[in-house]
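Shown here: input.cif, mmCIF, C-alpha atoms.
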data_input
#
loop_
_atom_site.label_atom_id
_atom_site.label_comp_id
_atom_site.auth_asym_id
_atom_site.auth_seq_id
_atom_site.Cartn_x
_atom_site.Cartn_y
_atom_site.Cartn_z
CA MET A 29 -16.43 9.09 54.05
CA LYS A 30 -16.28 7.08 50.84
CA ALA A 31 -14.00 8.13 48.00
CA GLU A 32 -14.34 6.84 44.47
CA LYS A 33 -12.36 7.66 41.37
CA LEU A 34 -14.69 8.71 38.55
CA TYR A 35 -12.08 9.34 35.89
CA GLU A 36 -8.35 8.99 35.48
CA ASN A 37 -5.93 9.54 32.60
CA ASP A 38 -2.31 10.62 32.26
CA ASP A 39 -2.82 14.22 33.28
CA HIS A 40 -5.73 14.30 35.66
CA ALA A 41 -8.34 12.51 37.74
CA TRP A 42 -11.79 13.12 39.23
CA ILE A 43 -12.71 11.78 42.67
CA VAL A 44 -16.06 11.91 44.45
CA PHE A 45 -16.31 11.95 48.26
CA GLY A 46 -19.60 11.15 49.93
CA ARG A 47 -21.88 8.75 51.79
CA ASP A 48 -20.20 9.62 55.09
CA GLU A 49 -21.39 7.01 57.59
CA ASP A 50 -20.61 9.28 60.54
CA LYS A 51 -22.60 12.23 59.21
CA PRO A 52 -25.01 13.65 61.82
CA ASP A 53 -28.55 12.49 60.94
CA LEU A 54 -30.16 15.90 60.57
CA ILE A 55 -27.83 17.39 58.00
CA ILE A 56 -28.39 16.77 54.30
CA ASP A 57 -26.05 14.27 52.64
CA THR A 58 -23.63 15.87 50.19
CA ASN A 59 -21.20 14.84 47.46
CA GLN A 60 -17.86 16.58 47.27
CA TYR A 61 -15.64 16.39 44.21
CA MET A 62 -11.95 16.87 43.55
CA VAL A 63 -9.99 17.22 40.33
CA THR A 64 -6.30 16.46 40.64
CA SER A 65 -3.70 17.34 38.02
CA LYS A 66 0.07 17.09 37.99
CA ASN A 67 0.85 19.64 40.71
CA ASN A 68 -2.53 20.98 41.77
CA ALA A 69 -5.93 19.91 42.97
CA MET A 70 -9.30 21.63 43.14
CA LEU A 71 -11.97 20.75 45.68
CA MET A 72 -15.50 21.44 44.49
CA ASP A 73 -18.30 22.32 46.91
CA PRO A 74 -16.13 21.14 49.85
CA GLY A 75 -19.09 21.02 52.23
CA GLY A 76 -20.14 22.20 55.65
CA ILE A 77 -18.28 22.54 58.96
CA GLU A 78 -19.77 19.27 60.22
CA LEU A 79 -18.03 17.37 57.43
CA PHE A 80 -14.65 19.07 57.60
CA SER A 81 -12.67 16.44 59.53
CA ALA A 82 -14.12 13.57 57.52
CA MET A 83 -13.45 15.43 54.27
CA LEU A 84 -9.88 16.43 55.09
CA SER A 85 -9.19 12.86 56.29
CA ALA A 86 -10.51 11.49 53.00
CA VAL A 87 -8.69 14.06 50.88
CA ILE A 88 -5.23 13.47 52.36
CA LYS A 89 -5.58 9.81 51.52
CA GLU A 90 -5.51 10.97 47.89
CA VAL A 91 -3.25 14.05 47.78
CA PRO A 92 -1.04 16.04 50.18
CA ALA A 93 -2.81 19.05 51.71
CA GLN A 94 -0.40 21.47 49.98
CA LYS A 95 -1.54 20.24 46.59
CA ILE A 96 -5.01 21.69 47.09
CA THR A 97 -4.50 25.06 45.50
CA HIS A 98 -8.04 25.71 44.31
CA LEU A 99 -11.51 25.53 45.81
CA PHE A 100 -14.73 25.98 43.93
CA ALA A 101 -18.08 26.93 45.44
CA SER A 102 -21.03 26.68 43.07
CA HIS A 103 -22.93 29.11 45.30
CA GLN A 104 -23.13 30.42 48.86
CA ASP A 105 -25.13 27.81 50.78
CA PRO A 106 -23.80 26.40 54.08
CA ASP A 107 -23.78 22.79 52.85
CA ILE A 108 -21.55 23.98 50.00
CA ILE A 109 -18.93 26.09 51.71
CA SER A 110 -19.49 26.73 55.45
CA SER A 111 -16.26 24.79 56.13
CA LEU A 112 -14.33 27.63 54.45
CA GLY A 113 -13.06 29.09 57.76
CA LEU A 114 -11.35 25.76 58.53
CA TRP A 115 -9.98 25.23 55.01
CA ASP A 116 -8.64 28.76 55.36
CA LEU A 117 -6.43 27.53 58.20
CA ALA A 118 -5.59 24.22 56.54
CA LEU A 119 -4.51 25.42 53.10
CA THR A 120 -1.40 27.50 52.64
CA ASN A 121 -1.84 28.74 49.10
CA ALA A 122 -5.35 28.44 47.75
CA THR A 123 -7.82 30.41 45.66
CA LEU A 124 -11.58 30.09 45.96
CA HIS A 125 -13.49 30.35 42.70
CA ALA A 126 -17.08 31.29 43.35
CA PRO A 127 -19.73 33.57 41.81
CA TRP A 128 -18.72 37.24 42.12
CA LEU A 129 -22.22 37.91 43.44
CA TRP A 130 -21.57 36.07 46.69
CA GLU A 131 -18.12 37.34 47.68
CA GLY A 132 -19.34 39.62 50.47
CA PHE A 133 -21.55 36.83 51.79
CA ILE A 134 -19.14 33.89 51.52
CA ARG A 135 -16.43 35.86 53.33
CA HIS A 136 -18.68 35.64 56.41
CA PHE A 137 -17.60 32.00 56.74
CA GLY A 138 -14.07 33.22 57.57
CA MET A 139 -11.46 33.89 54.96
CA GLN A 140 -8.14 35.49 55.85
CA ASN A 141 -5.66 33.47 53.81
CA ILE A 142 -7.53 32.05 50.84
CA LYS A 143 -7.90 34.40 47.87
CA TYR A 144 -11.34 35.00 46.35
CA ASP A 145 -11.61 34.82 42.58
CA GLY A 146 -15.07 35.99 41.61
CA ILE A 147 -16.48 34.14 38.61
CA PRO A 148 -18.28 36.59 36.27
CA ASP A 149 -21.94 35.95 35.40
CA GLU A 150 -21.01 34.71 31.94
CA GLY A 151 -18.71 32.02 33.38
CA GLY A 152 -14.99 31.48 32.94
CA ARG A 153 -12.15 29.08 32.54
CA LEU A 154 -9.43 27.72 34.81
CA MET A 155 -6.25 25.89 33.85
CA LEU A 156 -5.21 23.31 36.39
CA ASP A 157 -1.73 22.57 35.06
CA ASP A 158 -2.61 21.37 31.54
CA VAL A 159 -6.24 20.64 32.32
CA GLY A 160 -8.83 23.15 31.17
CA LEU A 161 -11.96 23.47 33.30
CA GLU A 162 -14.95 25.63 32.39
CA PHE A 163 -17.27 27.44 34.78
CA ILE A 164 -20.72 27.13 33.23
CA PRO A 165 -23.41 29.64 34.33
CA ALA A 166 -26.35 28.02 36.11
CA HIS A 167 -27.95 31.08 37.69
CA TYR A 168 -31.25 30.61 39.55
CA LEU A 169 -30.65 26.86 39.65
CA HIS A 170 -31.12 27.27 42.47
CA SER A 171 -29.02 30.20 43.68
CA SER A 172 -29.21 33.55 41.88
CA GLY A 173 -25.43 33.40 41.37
CA ASN A 174 -24.51 29.83 40.49
CA HIS A 175 -22.03 27.92 38.31
CA ASN A 176 -21.26 24.35 37.27
CA VAL A 177 -17.83 22.98 36.38
CA TYR A 178 -17.34 21.27 33.02
CA ASP A 179 -14.32 19.23 32.07
CA PRO A 180 -14.37 18.71 28.27
CA LYS A 181 -11.59 16.16 28.33
CA ALA A 182 -13.13 13.93 31.03
CA LYS A 183 -16.62 14.82 29.74
CA ILE A 184 -17.79 15.43 33.28
CA LEU A 185 -20.21 18.14 34.38
CA MET A 186 -20.24 18.93 38.12
CA SER A 187 -23.79 20.25 38.22
CA GLY A 188 -24.14 21.47 41.83
CA ASP A 189 -27.77 21.29 42.92
CA ILE A 190 -29.03 20.44 39.43
CA GLY A 191 -29.80 16.73 39.37
CA ALA A 192 -29.81 16.55 43.16
CA ALA A 193 -31.92 13.95 44.93
CA LEU A 194 -32.99 13.36 48.51
CA GLU A 195 -32.71 9.77 49.55
CA GLU A 196 -32.02 7.40 52.41
CA PRO A 197 -28.43 6.96 53.63
CA GLY A 198 -26.29 4.30 52.02
CA GLY A 199 -27.70 4.61 48.50
CA SER A 200 -25.54 3.86 45.47
CA LEU A 201 -23.35 6.67 44.14
CA PHE A 202 -24.80 6.16 40.65
CA VAL A 203 -28.28 6.27 39.18
CA GLU A 204 -29.23 2.68 38.41
CA ASN A 205 -32.88 3.06 37.45
CA PHE A 206 -33.71 6.54 36.14
CA ASP A 207 -37.50 6.17 36.38
CA GLU A 208 -37.30 5.15 40.03
CA HIS A 209 -34.84 7.97 40.72
CA VAL A 210 -37.24 10.64 39.43
CA GLY A 211 -39.33 10.39 42.59
CA LYS A 212 -36.32 11.41 44.67
CA MET A 213 -35.56 14.45 42.51
CA LYS A 214 -38.93 15.97 41.74
CA MET A 215 -39.68 17.93 44.91
CA PHE A 216 -36.06 19.13 45.18
CA HIS A 217 -36.16 20.72 41.73
CA GLN A 218 -39.72 22.04 41.88
CA ARG A 219 -39.21 23.70 45.26
CA TRP A 220 -35.60 24.87 45.16
CA MET A 221 -35.41 25.91 41.51
CA PRO A 222 -37.36 29.14 41.03
CA SER A 223 -37.23 29.86 37.28
CA ASN A 224 -38.51 27.86 34.27
CA ARG A 225 -36.84 30.36 31.96
CA ALA A 226 -33.43 29.92 33.62
CA LYS A 227 -33.91 26.15 33.69
CA ASN A 228 -34.72 25.90 29.96
CA ASP A 229 -31.84 28.17 29.03
CA TRP A 230 -29.46 25.96 31.06
CA VAL A 231 -30.84 22.77 29.40
CA ARG A 232 -30.36 24.31 25.96
CA ARG A 233 -26.73 25.22 26.67
CA VAL A 234 -25.86 21.96 28.41
CA ARG A 235 -27.26 19.88 25.53
CA GLU A 236 -24.43 21.33 23.43
CA LEU A 237 -21.78 19.87 25.75
CA ASP A 238 -20.38 16.39 25.40
CA ILE A 239 -21.16 14.81 28.78
CA GLU A 240 -20.44 11.28 29.96
CA MET A 241 -21.12 11.95 33.62
CA MET A 242 -23.26 14.55 35.37
CA CYS A 243 -22.34 14.88 39.02
CA PRO A 244 -24.74 16.64 41.41
CA GLN A 245 -23.95 17.79 44.94
CA HIS A 246 -26.67 15.61 46.49
CA GLY A 247 -27.89 12.17 45.49
CA ARG A 248 -26.57 10.11 42.60
CA ILE A 249 -24.34 10.57 39.58
CA PHE A 250 -25.86 10.25 36.08
CA ARG A 251 -23.88 8.27 33.51
CA GLY A 252 -24.20 7.78 29.76
CA LYS A 253 -27.79 7.88 28.49
CA ASP A 254 -29.13 8.89 31.91
CA VAL A 255 -27.61 12.35 31.32
CA LYS A 256 -29.89 12.90 28.31
CA ARG A 257 -32.81 11.35 30.22
CA PHE A 258 -32.23 13.87 32.98
CA LEU A 259 -32.09 16.82 30.55
CA ASP A 260 -35.35 15.70 28.90
CA TRP A 261 -37.04 15.19 32.26
CA PHE A 262 -35.79 18.50 33.65
CA GLU A 263 -36.86 20.40 30.53
CA SER A 264 -40.41 19.12 30.84
CA LEU A 265 -40.61 19.76 34.60
CA GLU A 266 -42.39 22.86 35.82
CA VAL A 267 -40.34 24.43 38.63
CA GLY A 268 -40.94 27.21 41.15
CA LEU A 269 -43.73 25.28 42.86
CA THR A 270 -44.67 24.78 46.50
CA LYS A 271 -46.46 21.44 46.82
CA GLY A 272 -47.70 22.06 43.29
CA LYS A 273 -49.81 25.05 44.41
CA PHE A 274 -47.89 28.16 43.39
CA MET B 20 -27.66 42.15 87.10
CA SER B 21 -27.06 40.01 84.03
CA GLU B 22 -25.92 36.45 84.38
CA VAL B 23 -22.17 35.95 84.14
CA SER B 24 -21.30 34.23 80.85
CA SER B 25 -19.39 30.97 80.92
CA ASN B 26 -18.09 31.33 77.37
CA TYR B 27 -14.91 33.33 76.98
CA PHE B 28 -15.60 35.06 73.71
CA VAL B 29 -19.13 35.90 74.82
CA ALA B 30 -17.59 37.21 78.07
CA ALA B 31 -15.27 39.55 76.15
CA ALA B 32 -18.14 40.86 74.06
CA THR B 33 -20.23 41.32 77.21
CA ILE B 34 -17.49 43.43 78.83
CA ALA B 35 -17.33 45.60 75.73
CA ALA B 36 -21.10 46.09 75.87
CA LYS B 37 -21.09 46.85 79.62
CA LEU B 38 -18.35 49.42 79.23
CA ASP B 39 -20.10 51.01 76.29
CA TYR B 40 -23.09 51.44 78.58
CA ALA B 41 -20.81 52.76 81.37
CA THR B 42 -19.46 55.39 78.94
CA LYS B 43 -22.96 56.62 78.22
CA VAL B 44 -23.81 56.75 81.94
CA ALA B 45 -20.54 58.61 82.66
CA GLN B 46 -21.55 61.22 80.08
CA ARG B 47 -24.64 61.87 82.24
CA LEU B 48 -22.25 62.69 85.09
CA SER B 49 -20.76 65.40 82.93
CA LEU B 50 -24.25 66.81 82.38
CA THR B 51 -24.87 66.74 86.14
CA ALA B 52 -21.63 68.68 86.70
CA SER B 53 -22.66 71.31 84.12
CA ASN B 54 -26.10 71.67 85.72
CA ALA B 55 -24.49 72.03 89.16
CA ARG B 56 -22.19 74.76 87.86
CA ALA B 57 -25.12 76.70 86.40
CA LEU B 58 -26.97 76.29 89.68
CA THR B 59 -24.09 77.65 91.77
CA LEU B 60 -23.77 80.63 89.45
CA ARG B 61 -27.44 81.43 89.96
CA ALA B 62 -27.16 80.86 93.72
CA GLY B 63 -24.19 83.27 93.89
CA GLN B 64 -22.56 83.76 97.30
CA SER B 65 -25.10 81.49 99.06
CA ALA B 66 -23.61 78.40 97.31
CA ALA B 67 -20.00 79.56 97.02
CA GLY B 68 -18.72 76.42 98.72
CA PHE B 69 -20.36 74.25 96.11
CA ARG B 70 -18.47 75.72 93.16
CA PRO B 71 -15.14 73.83 93.66
CA LEU B 72 -17.15 70.62 93.99
CA THR B 73 -18.58 71.01 90.48
CA ASP B 74 -14.98 70.96 89.21
CA ALA B 75 -14.45 67.69 91.06
CA ILE B 76 -17.62 66.22 89.49
CA HIS B 77 -16.37 67.30 86.06
CA ARG B 78 -13.00 65.71 86.73
CA LEU B 79 -14.64 62.47 87.86
CA SER B 80 -16.83 62.51 84.77
CA ASP B 81 -13.88 63.11 82.42
CA ILE B 82 -11.81 60.35 83.99
CA THR B 83 -14.72 57.89 83.94
CA VAL B 84 -15.68 58.65 80.34
CA SER B 85 -12.12 58.35 79.10
CA SER B 86 -11.41 55.18 81.14
CA SER B 87 -14.67 53.57 80.06
CA LYS B 88 -13.88 54.31 76.41
CA LYS B 89 -10.39 52.91 76.85
CA ILE B 90 -11.68 49.74 78.56
CA ASN B 91 -14.39 49.39 75.92
CA ALA B 92 -11.72 49.50 73.21
CA ILE B 93 -9.56 46.91 75.00
CA ALA B 94 -12.59 44.66 75.47
CA ALA B 95 -13.49 45.00 71.79
CA VAL B 96 -9.96 43.91 70.80
CA LEU B 97 -10.16 41.06 73.32
CA SER B 98 -13.51 39.99 71.89
CA SER B 99 -12.04 39.81 68.41
CA MET B 100 -8.94 37.96 69.72
CA ALA B 101 -11.18 35.54 71.60
CA VAL B 102 -12.99 34.65 68.37
CA GLU B 103 -9.63 34.21 66.61
CA LYS B 104 -8.46 32.02 69.48
CA TYR B 105 -11.68 30.01 69.28
CA ARG B 106 -11.12 29.45 65.54
CA ALA B 107 -7.55 28.28 66.15
CA ASP B 108 -8.63 26.03 69.07
CA SER B 109 -11.44 24.66 66.97
CA ALA B 110 -9.21 24.05 63.93
CA LEU B 111 -6.72 22.16 66.10
CA ALA B 112 -9.56 20.00 67.45
CA TYR B 113 -10.64 19.24 63.85
CA PHE B 114 -7.05 18.47 62.85
CA ASP B 115 -6.71 16.14 65.87
CA ALA B 116 -9.80 14.30 64.63
CA VAL B 117 -8.21 14.02 61.17
CA TYR B 118 -5.06 12.50 62.70
CA LEU B 119 -7.25 9.85 64.33
CA GLN B 120 -9.46 9.21 61.31
CA ALA B 121 -6.70 9.22 58.72
CA GLU B 122 -4.03 7.42 60.73
CA GLY B 123 -1.65 5.66 58.35
CA SER B 124 -2.86 7.64 55.32
CA LYS B 125 -0.35 8.18 52.57
CA TYR B 126 -0.27 11.97 52.93
CA ILE B 127 -0.99 12.41 56.63
CA GLY B 128 2.48 13.99 56.98
CA SER B 129 1.38 16.84 54.70
CA LEU B 130 -0.69 18.19 57.57
CA SER B 131 2.31 18.65 59.90
CA ASP B 132 3.17 22.16 58.68
CA VAL B 133 -0.42 23.31 58.88
CA TYR B 134 -0.83 21.82 62.35
CA GLU B 135 2.39 23.41 63.62
CA ARG B 136 1.51 26.77 62.10
CA THR B 137 -1.92 26.76 63.70
CA LYS B 138 -0.39 25.69 67.02
CA VAL B 139 2.14 28.56 66.85
CA LYS B 140 -0.65 30.98 65.97
CA GLN B 141 -2.71 29.69 68.88
CA LYS B 142 0.24 30.24 71.26
CA GLU B 143 0.90 33.75 69.95
CA LEU B 144 -2.76 34.59 70.33
CA MET B 145 -2.68 33.24 73.87
CA VAL B 146 0.28 35.48 74.82
CA GLN B 147 -1.33 38.59 73.31
CA TYR B 148 -4.63 37.63 74.87
CA GLN B 149 -3.14 37.33 78.37
CA LYS B 150 -1.43 40.73 77.97
CA LYS B 151 -4.72 42.33 76.99
CA ILE B 152 -6.48 40.74 79.96
CA GLN B 153 -3.82 42.15 82.27
CA GLN B 154 -4.25 45.59 80.72
CA LEU B 155 -8.02 45.29 81.07
CA THR B 156 -7.75 44.29 84.74
CA GLN B 157 -5.50 47.27 85.52
CA GLU B 158 -7.85 49.70 83.79
CA LEU B 159 -10.90 48.27 85.57
CA GLU B 160 -9.13 48.57 88.95
CA ALA B 161 -8.12 52.15 88.18
CA VAL B 162 -11.62 53.31 87.28
CA GLU B 163 -13.07 51.48 90.27
CA GLY B 164 -10.62 53.40 92.49
CA GLU B 165 -11.70 56.71 90.96
CA LEU B 166 -15.35 55.86 91.54
CA ARG B 167 -14.71 55.46 95.28
CA SER B 168 -14.27 59.23 95.42
CA ALA B 169 -17.93 59.59 94.37
CA VAL B 170 -19.09 58.67 97.90
CA VAL B 171 -16.89 61.39 99.44
CA LEU B 172 -18.02 63.81 96.75
CA LYS B 173 -21.65 63.11 97.58
CA VAL B 174 -21.11 63.77 101.32
CA LEU B 175 -19.24 67.00 100.58
CA CYS B 176 -22.00 68.09 98.21
CA GLN B 177 -24.62 67.39 100.89
CA ILE B 178 -22.65 69.43 103.48
CA GLU B 179 -22.30 72.36 101.08
CA ALA B 180 -25.97 72.08 100.09
CA SER B 181 -27.03 72.35 103.74
CA GLN B 182 -25.10 75.64 103.97
CA ALA B 183 -26.59 77.12 100.81
CA GLY B 184 -29.64 79.33 100.68
CA LEU B 185 -32.96 77.53 101.21
CA ALA B 186 -34.08 78.14 97.62
CA TYR B 187 -31.16 76.07 96.30
CA GLN B 188 -30.83 73.32 98.89
CA ASP B 189 -33.13 70.77 97.18
CA ALA B 190 -31.52 71.24 93.78
CA LEU B 191 -28.00 70.93 95.23
CA ASN B 192 -28.99 67.84 97.23
CA ASN B 193 -30.34 66.43 94.00
CA VAL B 194 -26.91 66.94 92.40
CA ALA B 195 -25.35 65.03 95.31
CA GLU B 196 -27.80 62.15 94.86
CA ASN B 197 -27.20 62.11 91.09
CA VAL B 198 -23.44 61.88 91.54
CA GLU B 199 -23.80 58.90 93.82
CA SER B 200 -26.44 57.13 91.76
CA ILE B 201 -24.55 57.55 88.46
CA ALA B 202 -21.29 56.44 90.07
CA GLU B 203 -23.08 53.41 91.53
CA THR B 204 -24.47 52.43 88.12
CA ILE B 205 -21.02 52.68 86.54
CA LYS B 206 -19.55 50.70 89.40
CA GLU B 207 -22.06 47.91 88.78
CA GLN B 208 -20.82 47.62 85.19
CA ILE B 209 -17.22 47.56 86.40
CA VAL B 210 -17.86 44.90 89.07
CA PHE B 211 -19.75 42.75 86.57
CA SER B 212 -16.95 43.19 84.03
CA ARG B 213 -14.36 42.12 86.60
CA GLN B 214 -16.36 38.94 87.18
CA GLN B 215 -16.35 38.33 83.42
CA VAL B 216 -12.57 38.82 83.33
CA ALA B 217 -12.26 35.75 85.55
CA ILE B 218 -13.88 33.73 82.73
CA LEU B 219 -11.44 35.16 80.19
CA GLN B 220 -8.45 33.90 82.22
#

Would you give me this structure, written as structure tokens?
Amino acid sequence: MKAEKLYENDDHAWIVFGRDEDKPDLIIDTNQYMVTSKNNAMLMDPGGIELFSAMLSAVIKEVPAQKITHLFASHQDPDIISSLGLWDLALTNATLHAPWLWEGFIRHFGMQNIKYDGIPDEGGRLMLDDVGLEFIPAHYLHSSGNHNVYDPKAKILMSGDIGAALEEPGGSLFVENFDEHVGKMKMFHQRWMPSNRAKNDWVRRVRELDIEMMCPQHGRIFRGKDVKRFLDWFESLEVGLTKGKF
Amino acid sequence: MSEVSSNYFVAAATIAAKLDYATKVAQRLSLTASNARALTLRAGQSAAGFRPLTDAIHRLSDITVSSSKKINAIAAVLSSMAVEKYRADSALAYFDAVYLQAEGSKYIGSLSDVYERTKVKQKELMVQYQKKIQQLTQELEAVEGELRSAVVLKVLCQIEASQAGLAYQDALNNVAENVESIAETIKEQIVFSRQQVAILQ
């Protein structure tokens, strides 16, 4: 599992984990993110059971296990949070922030020790020591209860499945040629995102944020002008399609 | 008969299911006893010898129903403990993999507490689990012992039926057959469950 620091200043850092070379072939590749502050750390979309050992191994190279006091799940899918039952045994004092809508479902992954903090539909805010993080609503993109995480200081948006791409193993962590990258994103967004109305509302709100990096859960990270390129492309894309027929 | 499961938490769930079925079958025994009592009342003096036997069928039914329910409850707890144990075993296997993959990592020591805690939990679960298995074995043996009396009960019922008036002989023989057949069905569930217990240990 590769780990790369995306941002670092005096009070906090962002790290991405991904491109696991030992990942079983038939499971979708995922990016996991972690924000670390002075005394705490939050893992975002920590991944599925299959990745747990690789993820925990990578994480404890960066921070002690006890420092992980928060988890975030953008939604309820297995590639997002099916490792919860194992994190539940590994973490002594953690809270999971996830959409309120999915609490009864996510608890099926096994949750006896970790506390569930349901994020309301309108979003919310979390202070990680002195670092303010915002939960941005992204409902129906693709899950009906779905949030992104925005860090105004680092200017990073963890966008979950928005901006995701399906590509061959070993690809770069960053978008290098946006036009070429579009081909790897199109089907994902048209098929998994059901609502043009929800999509356009999200684009409108996200355009108001100051974003340097947009970090999806699959595929590559958008930097600088590619963030605006993505928003323009996504706004003009018709979603809710099956092979362009419905 | 179903195939014996080789997975311990499936085995525990299977025992719970078998005993749930045994409880329902044992309730049929109670119905048989009630029918037999009504029959002896109608037969009057000609089936007087049968009357005490209906009490014995009722007693067997009560014991079997209550034991089956008790065993079913133990098996349900065992099933849940088996899943807990599986989670702890599985977590330790994942942690072992982390120790290999992250050998020499700066914060590898931060896992020690978690590992020890999970290990302690696994041991505690194991002790409770073994106690429950012992309890389950004793209960299964006890109900199996009670069911042996069903064979004697059947023979006694047949003897008394042969001495009853002709009009009631077939019906009373039918009661005798029912007692044996129901007891045999329950016994099958018990024998199968005892085989499954071997997997749990």

Target residues per the PyMOL selection byres ((chain A and resi 152) around 6), formatted as a list in words: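 When the PyMOL selection byres ((chain A and resi 152) around 6) is applied to the shown file, the picked residues are Gly151, Arg153, Glu162 and Phe163 of chain A.
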
Taking 2 positions as the minimum chain separation for residues in the same chain, which residues sit within 12 Å of Ala161 in chain B when counting all atoms listed in the file? Answer as an mmCIF file with C-alpha atoms, in the frame of the given file.
data_model
loop_
_atom_site.group_PDB
_atom_site.id
_atom_site.type_symbol
_atom_site.label_atom_id
_atom_site.label_comp_id
_atom_site.auth_asym_id
_atom_site.auth_seq_id
_atom_site.Cartn_x
_atom_site.Cartn_y
_atom_site.Cartn_z
ATOM 1 C CA ILE B 82 -11.810 60.350 83.990
ATOM 2 C CA THR B 83 -14.720 57.890 83.940
ATOM 3 C CA SER B 85 -12.120 58.350 79.100
ATOM 4 C CA SER B 86 -11.410 55.180 81.140
ATOM 5 C CA SER B 87 -14.670 53.570 80.060
ATOM 6 C CA LYS B 89 -10.390 52.910 76.850
ATOM 7 C CA ILE B 90 -11.680 49.740 78.560
ATOM 8 C CA GLN B 154 -4.250 45.590 80.720
ATOM 9 C CA LEU B 155 -8.020 45.290 81.070
ATOM 10 C CA THR B 156 -7.750 44.290 84.740
ATOM 11 C CA GLN B 157 -5.500 47.270 85.520
ATOM 12 C CA GLU B 158 -7.850 49.700 83.790
ATOM 13 C CA LEU B 159 -10.900 48.270 85.570
ATOM 14 C CA GLU B 163 -13.070 51.480 90.270
ATOM 15 C CA GLY B 164 -10.620 53.400 92.490
ATOM 16 C CA GLU B 165 -11.700 56.710 90.960
ATOM 17 C CA LEU B 166 -15.350 55.860 91.540
ATOM 18 C CA ARG B 167 -14.710 55.460 95.280
ATOM 19 C CA SER B 168 -14.270 59.230 95.420
ATOM 20 C CA LYS B 206 -19.550 50.700 89.400
ATOM 21 C CA ILE B 209 -17.220 47.560 86.400
ATOM 22 C CA ARG B 213 -14.360 42.120 86.600
#

Counting only C-alpha atoms, the option among A:Glu204, A:Glu90, A:Glu36, A:Glu131 closest to Gln104 in chain A: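 Looking at the shortest contact to Gln104 in chain A, the residue is A:Glu131.
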
Distance-based interface of chain B with chain A, 8 Å, counting all atoms listed in the file, as a VMD selection string: chain B and resid 106 110 113 to 114 116 to 118 120 to 121 124 to 130 133 to 134 137

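From CA of His125 in chain A back to CA of Lys227 in chain A, the distance works out to 22.7 Å.
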
Spatial neighbours of Ser200 in chain A, max dist 7 Å, all atoms listed in the file, sep filter under 2 positions, as number ranges by chain: A: 198, 202, 248

I need the residues from that last selection saved to file as a compact mmCIF listing (two decimals), in the coordinates of the input (with C-alpha atoms), if you can.
# COMPACT_ATOMS: atom_id res chain seq x y z
CA GLY A 198 -26.29 4.30 52.02
CA PHE A 202 -24.80 6.16 40.65
CA ARG A 248 -26.57 10.11 42.60

Atom-to-atom span, CA of Gly63 in chain B and CA of Asp81 in chain B, Å: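 So the two atoms, CA of Gly63 in chain B and CA of Asp81 in chain B, lie 25.4 Å apart.
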
Chain and number of each residue from the PyMOL selection byres ((chain B and resi 94-103) around 10), as a PyMOL selection string: chain B and resi 26-39+88-93+104-109+140-141+144-145+147-152+154-155+212+216+219

Return as a PDB file with C-alpha atoms, in the coordinates of the input the set of residues that the PyMOL selection byres ((chain A and resi 186) around 8) yields on the displayed structure.
ATOM      1  CA  ASN A 176     -21.260  24.350  37.270  1.00  0.00           C
ATOM      2  CA  VAL A 177     -17.830  22.980  36.380  1.00  0.00           C
ATOM      3  CA  TYR A 178     -17.340  21.270  33.020  1.00  0.00           C
ATOM      4  CA  ILE A 184     -17.790  15.430  33.280  1.00  0.00           C
ATOM      5  CA  LEU A 185     -20.210  18.140  34.380  1.00  0.00           C
ATOM      6  CA  SER A 187     -23.790  20.250  38.220  1.00  0.00           C
ATOM      7  CA  GLY A 188     -24.140  21.470  41.830  1.00  0.00           C
ATOM      8  CA  MET A 242     -23.260  14.550  35.370  1.00  0.00           C
ATOM      9  CA  CYS A 243     -22.340  14.880  39.020  1.00  0.00           C
ATOM     10  CA  PRO A 244     -24.740  16.640  41.410  1.00  0.00           C
ATOM     11  CA  GLN A 245     -23.950  17.790  44.940  1.00  0.00           C
TER      12      GLN A 245
END

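Pairwise distance (CA of Glu207 in chain B, CA of Arg56 in chain B) equals 26.9 Å.
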
Selection: 8 Å around Asn59 in chain A, all atoms listed in the file, excl. self and same-chain fewer than 3 positions, as a VMD selection string: chain A and resid 44 to 47 244 to 247
